[in-house]
Amino acid sequence: MKFRSAVILVIIIVLLDQALKCWVKTHMYIGQEYEVIGHWFRIQFIQNKGMAYGISLGGSVGKVLLTLLRLVAVIIGFFILKRITRLKYHKGLIICGALIIAGAMGNLIDSMFYGLIFSASTYTQVAQFLPAGGGYAGFLHGKVVDMLYFPIYQGIWPKWIPVKGGQPFEFFQYVFNISDASISIGVIAILIFQKSFFKHSQKENK
């Protein structure tokens, strides 16, 4: 797989991610949701200040640090992607690398620019694009938009389970976005197929 093809894949994923995020941001208020396929697949609008699935670092400094780490990761990722394509590594590894870079890049755009180009989303009104009074936050302080929600199963933990016993249980409870999914798919696929993906490097070392 050529580097140009990998970059095109990155661009496609980022465009899809941003298109959905911008639509949600300008058409939905915080907490609003739509059922897409029955009860188990919904679009639910939430925002978070941190990493995938709502994980975050503390405070404003933590937010800036996280955004800068994403930026560094994307830059390094492109160099690695170019190298593994030049060395003709397994096509699956190149695709996974492109997925991870695209996911990091998609959320990076939110963090860097959304505070500048959108007004604040609230529980009663949707955001405006390029509002006259300016955005809701400064550079590097934008919030990441999440919307994909798959509450496939809801029930109660058995009482014999420590701590959680008798409490409500939901699978899958996280709300995420296309970028999060792209990163997760890329990482999981590498872990599962690593023996096949890294045969190239093993042969070089012999």
# chains A, B, ... in the order shown; residues from 1 in each chain; ligands from 1
>>> select_by_dssp(residues="chain A", states="strand (DSSP E or B)", output="mmCIF file with C-alpha atoms, in the first residue's frame")
data_model
loop_
_atom_site.group_PDB
_atom_site.id
_atom_site.type_symbol
_atom_site.label_atom_id
_atom_site.label_comp_id
_atom_site.auth_asym_id
_atom_site.auth_seq_id
_atom_site.Cartn_x
_atom_site.Cartn_y
_atom_site.Cartn_z
ATOM 1 C CA GLU A 33 -30.628 12.252 21.180
ATOM 2 C CA TYR A 34 -32.145 10.507 18.174
ATOM 3 C CA GLU A 35 -32.851 6.829 17.766
ATOM 4 C CA VAL A 36 -31.154 5.543 14.606
ATOM 5 C CA ILE A 37 -31.821 1.800 14.803
ATOM 6 C CA PHE A 41 -28.151 2.664 18.351
ATOM 7 C CA ARG A 42 -28.650 6.361 19.060
ATOM 8 C CA ILE A 43 -27.079 9.712 18.283
ATOM 9 C CA GLN A 44 -26.660 11.456 21.638
ATOM 10 C CA PHE A 45 -24.777 14.740 21.865
ATOM 11 C CA ILE A 46 -22.251 15.149 24.649
ATOM 12 C CA GLN A 47 -18.905 16.956 24.917
ATOM 13 C CA ASN A 48 -15.759 16.147 26.841
ATOM 14 C CA PHE A 118 -18.399 27.630 17.551
ATOM 15 C CA PHE A 129 -20.766 28.401 13.492
ATOM 16 C CA VAL A 144 -14.387 17.095 21.816
ATOM 17 C CA VAL A 145 -17.813 16.258 20.375
ATOM 18 C CA ASP A 146 -19.172 12.736 20.987
ATOM 19 C CA MET A 147 -22.408 11.300 19.677
ATOM 20 C CA LEU A 148 -22.358 7.541 18.901
ATOM 21 C CA TYR A 149 -24.200 5.609 21.596
ATOM 22 C CA TYR A 153 -28.034 -4.298 26.767
ATOM 23 C CA GLN A 154 -29.372 -2.886 30.025
ATOM 24 C CA GLY A 155 -29.875 -4.906 33.169
ATOM 25 C CA ILE A 156 -28.866 -5.392 36.804
ATOM 26 C CA PRO A 168 -27.804 -1.059 37.057
ATOM 27 C CA PHE A 169 -25.600 -2.399 34.236
ATOM 28 C CA GLU A 170 -25.374 -1.185 30.676
ATOM 29 C CA PHE A 171 -23.393 -2.486 27.710
ATOM 30 C CA VAL A 175 -20.704 7.739 23.993
ATOM 31 C CA PHE A 176 -17.942 8.203 21.433
#
>>> residues_around(residues="A:Leu15", least_positions_apart="4", cutoff="12 Å", atoms="only C-alpha atoms", output="count of residues only")
16
>>> closest_residue(among="A:Val126, A:Leu108, A:Ala98, A:Ile13", to="A:Leu69", atoms="only C-alpha atoms")
A:Leu108
>>> atom_distance(atom1="atom CA of A:Leu140", atom2="atom CA of A:Ser60")
9.6 Å
>>> decode(residues="stretch 70-81 of chain A", atoms="N, CA and C atoms", output="JSON list (two decimals), in the first residue's frame")
[["chain", "number", "residue", "atom", "x", "y", "z"],
["A", 70, "ARG", "N", -1.45, 15.28, 21.50],
["A", 70, "ARG", "CA", -2.13, 14.79, 20.30],
["A", 70, "ARG", "C", -1.43, 15.30, 19.04],
["A", 71, "LEU", "N", -1.06, 16.58, 19.06],
["A", 71, "LEU", "CA", -0.39, 17.18, 17.91],
["A", 71, "LEU", "C", 0.94, 16.49, 17.62],
["A", 72, "VAL", "N", 1.72, 16.26, 18.66],
["A", 72, "VAL", "CA", 3.01, 15.57, 18.51],
["A", 72, "VAL", "C", 2.79, 14.15, 18.00],
["A", 73, "ALA", "N", 1.77, 13.47, 18.55],
["A", 73, "ALA", "CA", 1.48, 12.10, 18.15],
["A", 73, "ALA", "C", 1.10, 12.01, 16.67],
["A", 74, "VAL", "N", 0.33, 12.99, 16.19],
["A", 74, "VAL", "CA", -0.07, 13.00, 14.78],
["A", 74, "VAL", "C", 1.14, 13.22, 13.88],
["A", 75, "ILE", "N", 2.01, 14.16, 14.25],
["A", 75, "ILE", "CA", 3.21, 14.44, 13.44],
["A", 75, "ILE", "C", 4.12, 13.22, 13.39],
["A", 76, "ILE", "N", 4.40, 12.63, 14.55],
["A", 76, "ILE", "CA", 5.25, 11.43, 14.60],
["A", 76, "ILE", "C", 4.58, 10.28, 13.84],
["A", 77, "GLY", "N", 3.25, 10.18, 13.98],
["A", 77, "GLY", "CA", 2.51, 9.12, 13.32],
["A", 77, "GLY", "C", 2.66, 9.16, 11.81],
["A", 78, "PHE", "N", 2.64, 10.36, 11.23],
["A", 78, "PHE", "CA", 2.81, 10.47, 9.78],
["A", 78, "PHE", "C", 4.21, 10.05, 9.34],
["A", 79, "PHE", "N", 5.23, 10.37, 10.13],
["A", 79, "PHE", "CA", 6.58, 9.93, 9.80],
["A", 79, "PHE", "C", 6.70, 8.42, 9.84],
["A", 80, "ILE", "N", 6.09, 7.80, 10.86],
["A", 80, "ILE", "CA", 6.11, 6.34, 10.98],
["A", 80, "ILE", "C", 5.35, 5.70, 9.83],
["A", 81, "LEU", "N", 4.19, 6.29, 9.51],
["A", 81, "LEU", "CA", 3.37, 5.77, 8.42],
["A", 81, "LEU", "C", 4.13, 5.81, 7.10]]
